>>> print(open('target.pdb').read())   # PDB, C-alpha atoms and all ligand atoms
ATOM      1  CA  MET D 250     -58.344  30.084  93.398
ATOM      2  CA  GLU D 251     -57.657  32.591  90.696
ATOM      3  CA  THR D 252     -54.274  32.322  89.001
ATOM      4  CA  ILE D 253     -52.636  35.234  87.222
ATOM      5  CA  ILE D 254     -49.621  34.464  85.047
ATOM      6  CA  PHE D 255     -47.497  37.149  83.441
ATOM      7  CA  ASP D 256     -45.272  37.293  80.413
ATOM      8  CA  VAL D 257     -42.020  39.176  81.226
ATOM      9  CA  ASP D 258     -40.509  41.064  78.267
ATOM     10  CA  ASP D 259     -42.393  44.235  77.396
ATOM     11  CA  THR D 260     -45.265  43.221  79.662
ATOM     12  CA  LEU D 261     -43.685  43.787  83.081
ATOM     13  CA  TYR D 262     -41.148  46.382  81.964
ATOM     14  CA  ASP D 263     -40.552  48.659  79.011
ATOM     15  CA  GLN D 264     -38.345  46.643  76.700
ATOM     16  CA  THR D 265     -38.002  49.596  74.334
ATOM     17  CA  LEU D 266     -36.011  51.532  76.936
ATOM     18  CA  PRO D 267     -32.803  49.463  76.707
ATOM     19  CA  PHE D 268     -33.417  49.255  72.947
ATOM     20  CA  LYS D 269     -33.680  53.039  72.561
ATOM     21  CA  ILE D 270     -30.485  53.611  74.527
ATOM     22  CA  ALA D 271     -28.702  51.122  72.254
ATOM     23  CA  CYS D 272     -30.081  52.977  69.196
ATOM     24  CA  LYS D 273     -28.834  56.327  70.460
ATOM     25  CA  LYS D 274     -25.396  54.989  71.302
ATOM     26  CA  VAL D 275     -24.787  52.813  68.253
ATOM     27  CA  ILE D 276     -26.905  53.800  65.255
ATOM     28  CA  GLN D 277     -25.430  56.849  63.518
ATOM     29  CA  THR D 278     -28.694  57.986  61.908
ATOM     30  CA  PRO D 279     -30.726  59.968  64.444
ATOM     31  CA  LEU D 280     -34.183  58.450  64.985
ATOM     32  CA  SER D 281     -37.232  59.941  66.669
ATOM     33  CA  ASP D 282     -38.793  58.233  69.662
ATOM     34  CA  GLU D 283     -41.615  56.971  67.490
ATOM     35  CA  GLU D 284     -39.186  55.647  64.859
ATOM     36  CA  MET D 285     -37.218  53.799  67.523
ATOM     37  CA  GLU D 286     -40.428  52.174  68.761
ATOM     38  CA  ARG D 287     -41.273  51.080  65.218
ATOM     39  CA  LEU D 288     -37.733  49.802  64.757
ATOM     40  CA  TYR D 289     -38.119  47.858  67.994
ATOM     41  CA  VAL D 290     -41.369  46.205  66.865
ATOM     42  CA  ILE D 291     -39.786  45.278  63.519
ATOM     43  CA  SER D 292     -36.683  43.855  65.213
ATOM     44  CA  ARG D 293     -38.935  41.702  67.432
ATOM     45  CA  LYS D 294     -40.650  40.393  64.316
ATOM     46  CA  TYR D 295     -37.290  39.277  62.928
ATOM     47  CA  SER D 296     -36.278  37.938  66.327
ATOM     48  CA  ASP D 297     -39.470  35.865  66.665
ATOM     49  CA  ALA D 298     -38.998  34.518  63.139
ATOM     50  CA  LEU D 299     -35.666  32.970  64.132
ATOM     51  CA  PHE D 300     -36.585  32.066  67.700
ATOM     52  CA  GLU D 301     -37.305  28.372  67.209
ATOM     53  CA  ARG D 302     -34.201  27.753  65.123
ATOM     54  CA  TRP D 303     -32.159  29.613  67.735
ATOM     55  CA  GLU D 304     -33.635  27.577  70.604
ATOM     56  CA  SER D 305     -32.818  24.359  68.786
ATOM     57  CA  GLY D 306     -29.240  25.536  68.258
ATOM     58  CA  GLU D 307     -29.509  25.735  64.477
ATOM     59  CA  VAL D 308     -28.964  29.496  64.601
ATOM     60  CA  SER D 309     -26.343  30.947  66.961
ATOM     61  CA  SER D 310     -26.970  33.812  69.404
ATOM     62  CA  HIS D 311     -24.540  35.909  67.369
ATOM     63  CA  GLU D 312     -26.570  35.301  64.193
ATOM     64  CA  LEU D 313     -29.886  36.017  65.915
ATOM     65  CA  HIS D 314     -28.642  39.214  67.538
ATOM     66  CA  THR D 315     -26.932  40.663  64.464
ATOM     67  CA  TYR D 316     -29.649  39.590  62.039
ATOM     68  CA  ARG D 317     -32.622  41.083  63.902
ATOM     69  CA  ILE D 318     -31.174  44.593  64.232
ATOM     70  CA  THR D 319     -29.538  44.600  60.780
ATOM     71  CA  ALA D 320     -32.740  43.453  59.050
ATOM     72  CA  ALA D 321     -34.884  45.905  61.032
ATOM     73  CA  CYS D 322     -32.569  48.814  60.157
ATOM     74  CA  LEU D 323     -32.732  47.898  56.473
ATOM     75  CA  GLU D 324     -36.481  48.568  56.560
ATOM     76  CA  PHE D 325     -35.520  52.136  57.505
ATOM     77  CA  ASP D 326     -32.907  52.229  54.731
ATOM     78  CA  ILE D 327     -30.199  52.219  57.368
ATOM     79  CA  LYS D 328     -27.235  49.952  56.750
ATOM     80  CA  ILE D 329     -25.273  48.910  59.800
ATOM     81  CA  SER D 330     -22.024  46.946  59.859
ATOM     82  CA  GLU D 331     -21.719  43.615  61.612
ATOM     83  CA  GLN D 332     -19.481  45.305  64.145
ATOM     84  CA  SER D 333     -22.199  47.862  64.915
ATOM     85  CA  ALA D 334     -24.780  45.093  65.199
ATOM     86  CA  VAL D 335     -22.569  43.338  67.754
ATOM     87  CA  ARG D 336     -22.040  46.606  69.624
ATOM     88  CA  PHE D 337     -25.797  47.232  69.560
ATOM     89  CA  GLN D 338     -26.420  43.889  71.262
ATOM     90  CA  GLU D 339     -23.729  44.608  73.882
ATOM     91  CA  VAL D 340     -25.304  47.936  74.847
ATOM     92  CA  TYR D 341     -28.813  46.466  74.723
ATOM     93  CA  LEU D 342     -27.741  43.654  77.061
ATOM     94  CA  ALA D 343     -25.940  46.000  79.465
ATOM     95  CA  GLU D 344     -29.055  48.185  79.648
ATOM     96  CA  GLN D 345     -31.230  45.132  80.337
ATOM     97  CA  ASN D 346     -29.323  44.813  83.604
ATOM     98  CA  LYS D 347     -30.973  48.059  84.684
ATOM     99  CA  ILE D 348     -34.618  47.322  83.839
ATOM    100  CA  MET D 349     -37.417  48.225  86.261
ATOM    101  CA  LEU D 350     -41.056  47.184  86.514
ATOM    102  CA  TYR D 351     -43.649  49.548  85.094
ATOM    103  CA  SER D 352     -44.885  51.306  88.251
ATOM    104  CA  GLU D 353     -48.494  50.329  87.404
ATOM    105  CA  VAL D 354     -47.477  46.697  87.014
ATOM    106  CA  GLU D 355     -45.667  46.801  90.343
ATOM    107  CA  GLU D 356     -48.833  48.137  91.975
ATOM    108  CA  LEU D 357     -50.905  45.459  90.242
ATOM    109  CA  ILE D 358     -48.677  42.574  91.342
ATOM    110  CA  GLU D 359     -48.568  43.923  94.900
ATOM    111  CA  THR D 360     -52.397  44.196  94.951
ATOM    112  CA  LEU D 361     -52.891  40.682  93.568
ATOM    113  CA  TYR D 362     -50.350  39.366  96.062
ATOM    114  CA  GLN D 363     -52.212  40.994  98.956
ATOM    115  CA  GLN D 364     -55.370  39.301  97.715
ATOM    116  CA  ASN D 365     -53.682  35.897  97.848
ATOM    117  CA  LYS D 366     -53.966  35.264  94.130
ATOM    118  CA  GLN D 367     -51.725  32.555  92.790
ATOM    119  CA  LEU D 368     -49.046  34.348  90.753
ATOM    120  CA  ALA D 369     -46.566  33.025  88.208
ATOM    121  CA  VAL D 370     -44.546  34.070  85.178
ATOM    122  CA  LEU D 371     -44.031  32.355  81.852
ATOM    123  CA  THR D 372     -41.395  33.735  79.514
ATOM    124  CA  ASN D 373     -39.675  32.589  76.345
ATOM    125  CA  GLY D 374     -35.890  32.599  76.249
ATOM    126  CA  LYS D 375     -32.784  31.044  77.668
ATOM    127  CA  ALA D 376     -32.889  30.230  81.377
ATOM    128  CA  GLY D 377     -29.811  32.246  82.366
ATOM    129  CA  HIS D 378     -30.741  35.410  80.512
ATOM    130  CA  GLN D 379     -34.403  35.447  81.561
ATOM    131  CA  SER D 380     -33.432  34.677  85.192
ATOM    132  CA  MET D 381     -31.123  37.683  85.166
ATOM    133  CA  LYS D 382     -34.031  39.938  84.143
ATOM    134  CA  ILE D 383     -36.433  38.352  86.634
ATOM    135  CA  LYS D 384     -33.907  38.929  89.393
ATOM    136  CA  GLN D 385     -33.331  42.522  88.303
ATOM    137  CA  LEU D 386     -37.110  43.144  88.388
ATOM    138  CA  GLY D 387     -37.274  41.794  91.945
ATOM    139  CA  LEU D 388     -40.128  39.385  91.223
ATOM    140  CA  SER D 389     -39.132  37.106  94.106
ATOM    141  CA  ARG D 390     -40.845  39.638  96.391
ATOM    142  CA  TRP D 391     -44.163  38.138  95.228
ATOM    143  CA  ILE D 392     -43.500  35.088  93.100
ATOM    144  CA  PRO D 393     -41.843  31.917  94.406
ATOM    145  CA  GLU D 394     -39.063  30.285  92.412
ATOM    146  CA  GLN D 395     -41.205  27.272  91.492
ATOM    147  CA  HIS D 396     -43.764  29.595  89.841
ATOM    148  CA  ILE D 397     -41.182  30.963  87.385
ATOM    149  CA  PHE D 398     -41.385  29.187  84.032
ATOM    150  CA  ILE D 399     -38.747  29.855  81.381
ATOM    151  CA  SER D 400     -39.097  28.116  78.024
ATOM    152  CA  GLY D 401     -35.376  27.295  77.842
ATOM    153  CA  ALA D 402     -35.622  25.390  81.116
ATOM    154  CA  VAL D 403     -39.017  23.783  80.413
ATOM    155  CA  GLY D 404     -37.979  22.551  76.979
ATOM    156  CA  HIS D 405     -41.001  24.002  75.173
ATOM    157  CA  ALA D 406     -41.752  27.594  74.187
ATOM    158  CA  LYS D 407     -44.893  29.693  73.760
ATOM    159  CA  PRO D 408     -47.195  29.404  71.896
ATOM    160  CA  SER D 409     -46.825  25.612  71.962
ATOM    161  CA  ARG D 410     -49.434  23.764  73.961
ATOM    162  CA  GLU D 411     -46.782  21.806  75.886
ATOM    163  CA  VAL D 412     -45.465  24.738  77.867
ATOM    164  CA  PHE D 413     -48.974  25.681  79.018
ATOM    165  CA  ASN D 414     -49.697  22.040  79.900
ATOM    166  CA  HIS D 415     -46.447  21.939  81.851
ATOM    167  CA  ILE D 416     -47.663  24.800  84.046
ATOM    168  CA  GLU D 417     -51.036  23.104  84.516
ATOM    169  CA  ASP D 418     -49.165  20.065  85.810
ATOM    170  CA  LYS D 419     -46.969  22.089  88.148
ATOM    171  CA  LEU D 420     -49.538  24.478  89.634
ATOM    172  CA  GLN D 421     -52.916  23.776  91.170
ATOM    173  CA  LEU D 422     -54.955  25.785  88.760
ATOM    174  CA  ASP D 423     -58.469  26.031  87.454
ATOM    175  CA  LYS D 424     -58.182  26.848  83.723
ATOM    176  CA  ALA D 425     -61.396  28.858  83.767
ATOM    177  CA  LYS D 426     -59.915  31.023  86.536
ATOM    178  CA  THR D 427     -56.464  31.313  84.991
ATOM    179  CA  VAL D 428     -55.503  34.515  83.232
ATOM    180  CA  TYR D 429     -52.390  34.988  81.135
ATOM    181  CA  ILE D 430     -51.192  38.536  80.516
ATOM    182  CA  GLY D 431     -48.822  39.295  77.656
ATOM    183  CA  ASP D 432     -47.907  41.734  74.892
ATOM    184  CA  SER D 433     -47.411  39.275  72.020
ATOM    185  CA  PHE D 434     -50.561  38.217  70.214
ATOM    186  CA  GLU D 435     -48.822  35.323  68.515
ATOM    187  CA  ASN D 436     -47.105  33.843  71.550
ATOM    188  CA  ASP D 437     -49.176  34.967  74.493
ATOM    189  CA  ILE D 438     -52.764  35.304  73.334
ATOM    190  CA  ILE D 439     -52.834  32.432  70.842
ATOM    191  CA  GLY D 440     -50.890  30.214  73.268
ATOM    192  CA  ALA D 441     -53.089  30.904  76.282
ATOM    193  CA  LYS D 442     -56.385  30.700  74.392
ATOM    194  CA  GLN D 443     -55.398  27.409  72.766
ATOM    195  CA  ALA D 444     -54.681  26.056  76.241
ATOM    196  CA  GLY D 445     -58.162  27.102  77.370
ATOM    197  CA  TRP D 446     -56.999  29.918  79.633
ATOM    198  CA  LYS D 447     -58.215  33.492  79.701
ATOM    199  CA  ALA D 448     -55.905  35.984  78.026
ATOM    200  CA  ILE D 449     -55.339  39.707  78.416
ATOM    201  CA  TRP D 450     -53.467  41.379  75.606
ATOM    202  CA  VAL D 451     -51.339  44.349  76.651
ATOM    203  CA  ASN D 452     -51.183  45.860  73.188
ATOM    204  CA  HIS D 453     -49.231  49.002  74.019
ATOM    205  CA  ARG D 454     -47.281  48.814  70.765
ATOM    206  CA  GLN D 455     -50.476  48.940  68.691
ATOM    207  CA  ARG D 456     -49.816  45.657  66.934
ATOM    208  CA  LYS D 457     -52.387  44.008  64.720
ATOM    209  CA  SER D 458     -54.212  40.899  65.839
ATOM    210  CA  LEU D 459     -53.053  37.960  63.736
ATOM    211  CA  SER D 460     -56.120  35.764  63.926
ATOM    212  CA  ASP D 461     -59.837  36.085  63.323
ATOM    213  CA  ASP D 462     -60.615  32.922  65.261
ATOM    214  CA  ILE D 463     -58.718  33.690  68.437
ATOM    215  CA  VAL D 464     -59.784  36.713  70.439
ATOM    216  CA  ALA D 465     -58.268  38.046  73.661
ATOM    217  CA  ASP D 466     -60.697  38.238  76.594
ATOM    218  CA  LYS D 467     -59.538  41.778  77.180
ATOM    219  CA  ILE D 468     -57.306  44.193  75.299
ATOM    220  CA  VAL D 469     -55.604  47.035  77.139
ATOM    221  CA  ASN D 470     -53.389  49.649  75.542
ATOM    222  CA  SER D 471     -51.104  50.512  78.441
ATOM    223  CA  PRO D 472     -49.891  49.217  81.814
ATOM    224  CA  GLU D 473     -52.113  51.878  83.387
ATOM    225  CA  GLU D 474     -55.185  50.472  81.633
ATOM    226  CA  LEU D 475     -54.196  47.004  82.806
ATOM    227  CA  LEU D 476     -54.024  48.154  86.420
ATOM    228  CA  ASN D 477     -57.375  49.951  86.146
ATOM    229  CA  TYR D 478     -59.006  46.901  84.595
ATOM    230  CA  PHE D 479     -58.095  44.815  87.659
ATOM    231  CA  LYS D 480     -58.996  47.602  90.085
ATOM    232  CA  ASN D 481     -62.468  47.836  88.562
ATOM    233  CA  ARG D 482     -62.947  44.081  88.760
ATOM    234  CA  LEU D 483     -62.186  43.913  92.480
TER     235      LEU D 483
HETATM  236 MG    MG X 501     -43.378  39.785  75.794
END
>>> encode(input="target.pdb", output="structure tokens")
Amino acid sequence: METIIFDVDDTLYDQTLPFKIACKKVIQTPLSDEEMERLYVISRKYSDALFERWESGEVSSHELHTYRITAACLEFDIKISEQSAVRFQEVYLAEQNKIMLYSEVEELIETLYQQNKQLAVLTNGKAGHQSMKIKQLGLSRWIPEQHIFISGAVGHAKPSREVFNHIEDKLQLDKAKTVYIGDSFENDIIGAKQAGWKAIWVNHRQRKSLSDDIVADKIVNSPEELLNYFKNRL
């Protein structure tokens, strides 16, 4: 049976939306839509850089949250106070409670579900926070609880081999027929390819590939392209 496993953040829903609302409400300097998207990508870079130390408890959530937006803003020559950084995170979090699936992704999951594909998600983050988003997105309509894998609960995070092996142990899957879909080259594509799975890179933020040795099986530039890719395969 074919198994399709999805990343969550910025793959299933537009993570820049809550981010942009936080920018508009908190950052005094007006930014264009394109600037906010660049700021988002830069803040993710800083966030990913601290992720492991945060997961291990060496860096607190407060430090992670204030650092990533403060450091990203500095690249735009914008200085924000610690208070603003805290406020930014509060708004960002509140807006994450309102996230919705990309309509094309919803159609894709529904189609795959109708075709009896084995579906799962694998996401990095703390169990409580990621569960909140998964619930808000309504994934239980198609994906059973035991097919939801959150790094904080598993004890290993992408791109480490262990988290992919964990899923192989838990699901009946054929690696050659297992596809992982994600937006992060570093975590999703490198992780899945190292595990011997197929990988589709949803590169809608036009990021650069970080490896010459590891290549995604397919690169799409939007959720729409992702949906069409599967439609054409069927
Ligand atoms: Mg992601």
>>> residues_near_ligand(input="target.pdb", ligand="ligand MG 501 (chain X)", cutoff="6 Å", atoms="only C-alpha atoms and all ligand atoms", output="PDB file with C-alpha atoms, keeping the file's coordinate frame")
ATOM      1  CA  ASP D 256     -45.272  37.293  80.413  1.00  0.00           C
ATOM      2  CA  VAL D 257     -42.020  39.176  81.226  1.00  0.00           C
ATOM      3  CA  ASP D 258     -40.509  41.064  78.267  1.00  0.00           C
ATOM      4  CA  ASP D 259     -42.393  44.235  77.396  1.00  0.00           C
ATOM      5  CA  THR D 260     -45.265  43.221  79.662  1.00  0.00           C
ATOM      6  CA  GLY D 431     -48.822  39.295  77.656  1.00  0.00           C
ATOM      7  CA  ASP D 432     -47.907  41.734  74.892  1.00  0.00           C
ATOM      8  CA  SER D 433     -47.411  39.275  72.020  1.00  0.00           C
TER       9      SER D 433
END
>>> residues_around(input="target.pdb", residues="D:Gln338", least_positions_apart="6", cutoff="8 Å", atoms="all atoms listed in the file", output="list in words")
Ala271, His314 and Thr315 of chain D
>>> resolve_selection(input="target.pdb", expression="the PyMOL selection byres (((chain D and resi 461-470) around 9) and not hetatm)", output="list in words")
Phe434, Ile438, Ile439, Lys442, Gln443, Lys447, Ala448, Ile449, Trp450, Val451, Asn452, His453, Arg454, Gln455, Ser458, Leu459, Ser460, Ser471, Pro472, Glu473, Glu474, Leu475 and Tyr478 of chain D
>>> closest_residue(input="target.pdb", among="D:Gln421, D:Arg336, D:Arg302, D:Phe255", to="D:Ile397", atoms="only C-alpha atoms")
D:Phe255
>>> residues_near_point(input="target.pdb", point="(-35.7, 35.3, 71.2)", cutoff="7 Å", atoms="only C-alpha atoms", output="PyMOL selection string")
chain D and resi 296-297+300+374
>>> resolve_selection(input="target.pdb", expression="the PyMOL selection byres (((chain D and resi 319-329) around 8) and not hetatm)", output="list in words")
Ile276, Thr278, Leu288, Tyr289, Ile291, Ser292, Tyr295, Thr315, Tyr316, Arg317, Ile318, Ser330, Glu331, Ser333 and Ala334 of chain D
>>> resolve_selection(input="target.pdb", expression="the PyMOL selection byres (((chain D and resi 268) around 12) and not hetatm)", output="VMD selection string")
chain D and resid 259 263 to 267 269 to 276 282 284 to 290 292 to 293 318 337 to 345 348
>>> atom_distance(input="target.pdb", atom1="atom CA of D:Thr372", atom2="atom CA of D:Ala298")
16.6 Å
>>> axis_aligned_box(input="target.pdb", around="stretch 257-274 of chain D", padding_each_side="3 Å", output="AutoDock Vina command-line options")
--center_x -35.3 --center_y 47.8 --center_z 76.1 --size_x 25.9 --size_y 23.2 --size_z 19.9
>>> build_atoms(input="target.pdb", residues="stretch 347-360 of chain D", atoms="N, CA, C and O atoms", output="mmCIF file, keeping the file's coordinate frame")
data_model
loop_
_atom_site.group_PDB
_atom_site.id
_atom_site.type_symbol
_atom_site.label_atom_id
_atom_site.label_comp_id
_atom_site.auth_asym_id
_atom_site.auth_seq_id
_atom_site.Cartn_x
_atom_site.Cartn_y
_atom_site.Cartn_z
ATOM 1 N N LYS D 347 -30.486 46.919 83.889
ATOM 2 C CA LYS D 347 -30.973 48.059 84.684
ATOM 3 C C LYS D 347 -32.496 48.186 84.624
ATOM 4 O O LYS D 347 -33.038 49.196 85.057
ATOM 5 N N ILE D 348 -33.164 47.196 84.041
ATOM 6 C CA ILE D 348 -34.618 47.322 83.839
ATOM 7 C C ILE D 348 -35.384 47.414 85.160
ATOM 8 O O ILE D 348 -34.959 46.881 86.177
ATOM 9 N N MET D 349 -36.538 48.090 85.098
ATOM 10 C CA MET D 349 -37.417 48.225 86.261
ATOM 11 C C MET D 349 -38.856 47.952 85.851
ATOM 12 O O MET D 349 -39.237 48.231 84.716
ATOM 13 N N LEU D 350 -39.633 47.453 86.799
ATOM 14 C CA LEU D 350 -41.056 47.184 86.514
ATOM 15 C C LEU D 350 -41.759 48.488 86.159
ATOM 16 O O LEU D 350 -41.441 49.545 86.719
ATOM 17 N N TYR D 351 -42.738 48.414 85.267
ATOM 18 C CA TYR D 351 -43.649 49.548 85.094
ATOM 19 C C TYR D 351 -44.275 49.787 86.473
ATOM 20 O O TYR D 351 -44.682 48.810 87.144
ATOM 21 N N SER D 352 -44.364 51.040 86.895
ATOM 22 C CA SER D 352 -44.885 51.306 88.251
ATOM 23 C C SER D 352 -46.306 50.752 88.408
ATOM 24 O O SER D 352 -46.668 50.223 89.456
ATOM 25 N N GLU D 353 -47.107 50.833 87.329
ATOM 26 C CA GLU D 353 -48.494 50.329 87.404
ATOM 27 C C GLU D 353 -48.515 48.810 87.554
ATOM 28 O O GLU D 353 -49.385 48.255 88.214
ATOM 29 N N VAL D 354 -47.549 48.158 86.918
ATOM 30 C CA VAL D 354 -47.477 46.697 87.014
ATOM 31 C C VAL D 354 -47.037 46.302 88.424
ATOM 32 O O VAL D 354 -47.545 45.344 89.001
ATOM 33 N N GLU D 355 -46.120 47.072 88.974
ATOM 34 C CA GLU D 355 -45.667 46.801 90.343
ATOM 35 C C GLU D 355 -46.857 46.910 91.307
ATOM 36 O O GLU D 355 -47.059 46.040 92.163
ATOM 37 N N GLU D 356 -47.646 47.950 91.122
ATOM 38 C CA GLU D 356 -48.833 48.137 91.975
ATOM 39 C C GLU D 356 -49.818 46.982 91.791
ATOM 40 O O GLU D 356 -50.393 46.475 92.754
ATOM 41 N N LEU D 357 -49.976 46.561 90.536
ATOM 42 C CA LEU D 357 -50.905 45.459 90.242
ATOM 43 C C LEU D 357 -50.443 44.164 90.917
ATOM 44 O O LEU D 357 -51.242 43.489 91.579
ATOM 45 N N ILE D 358 -49.174 43.828 90.757
ATOM 46 C CA ILE D 358 -48.677 42.574 91.342
ATOM 47 C C ILE D 358 -48.809 42.622 92.866
ATOM 48 O O ILE D 358 -49.226 41.653 93.500
ATOM 49 N N GLU D 359 -48.465 43.766 93.443
ATOM 50 C CA GLU D 359 -48.568 43.923 94.900
ATOM 51 C C GLU D 359 -50.025 43.725 95.355
ATOM 52 O O GLU D 359 -50.291 43.005 96.319
ATOM 53 N N THR D 360 -50.967 44.317 94.613
ATOM 54 C CA THR D 360 -52.397 44.196 94.951
ATOM 55 C C THR D 360 -52.847 42.737 94.848
ATOM 56 O O THR D 360 -53.514 42.226 95.751
#
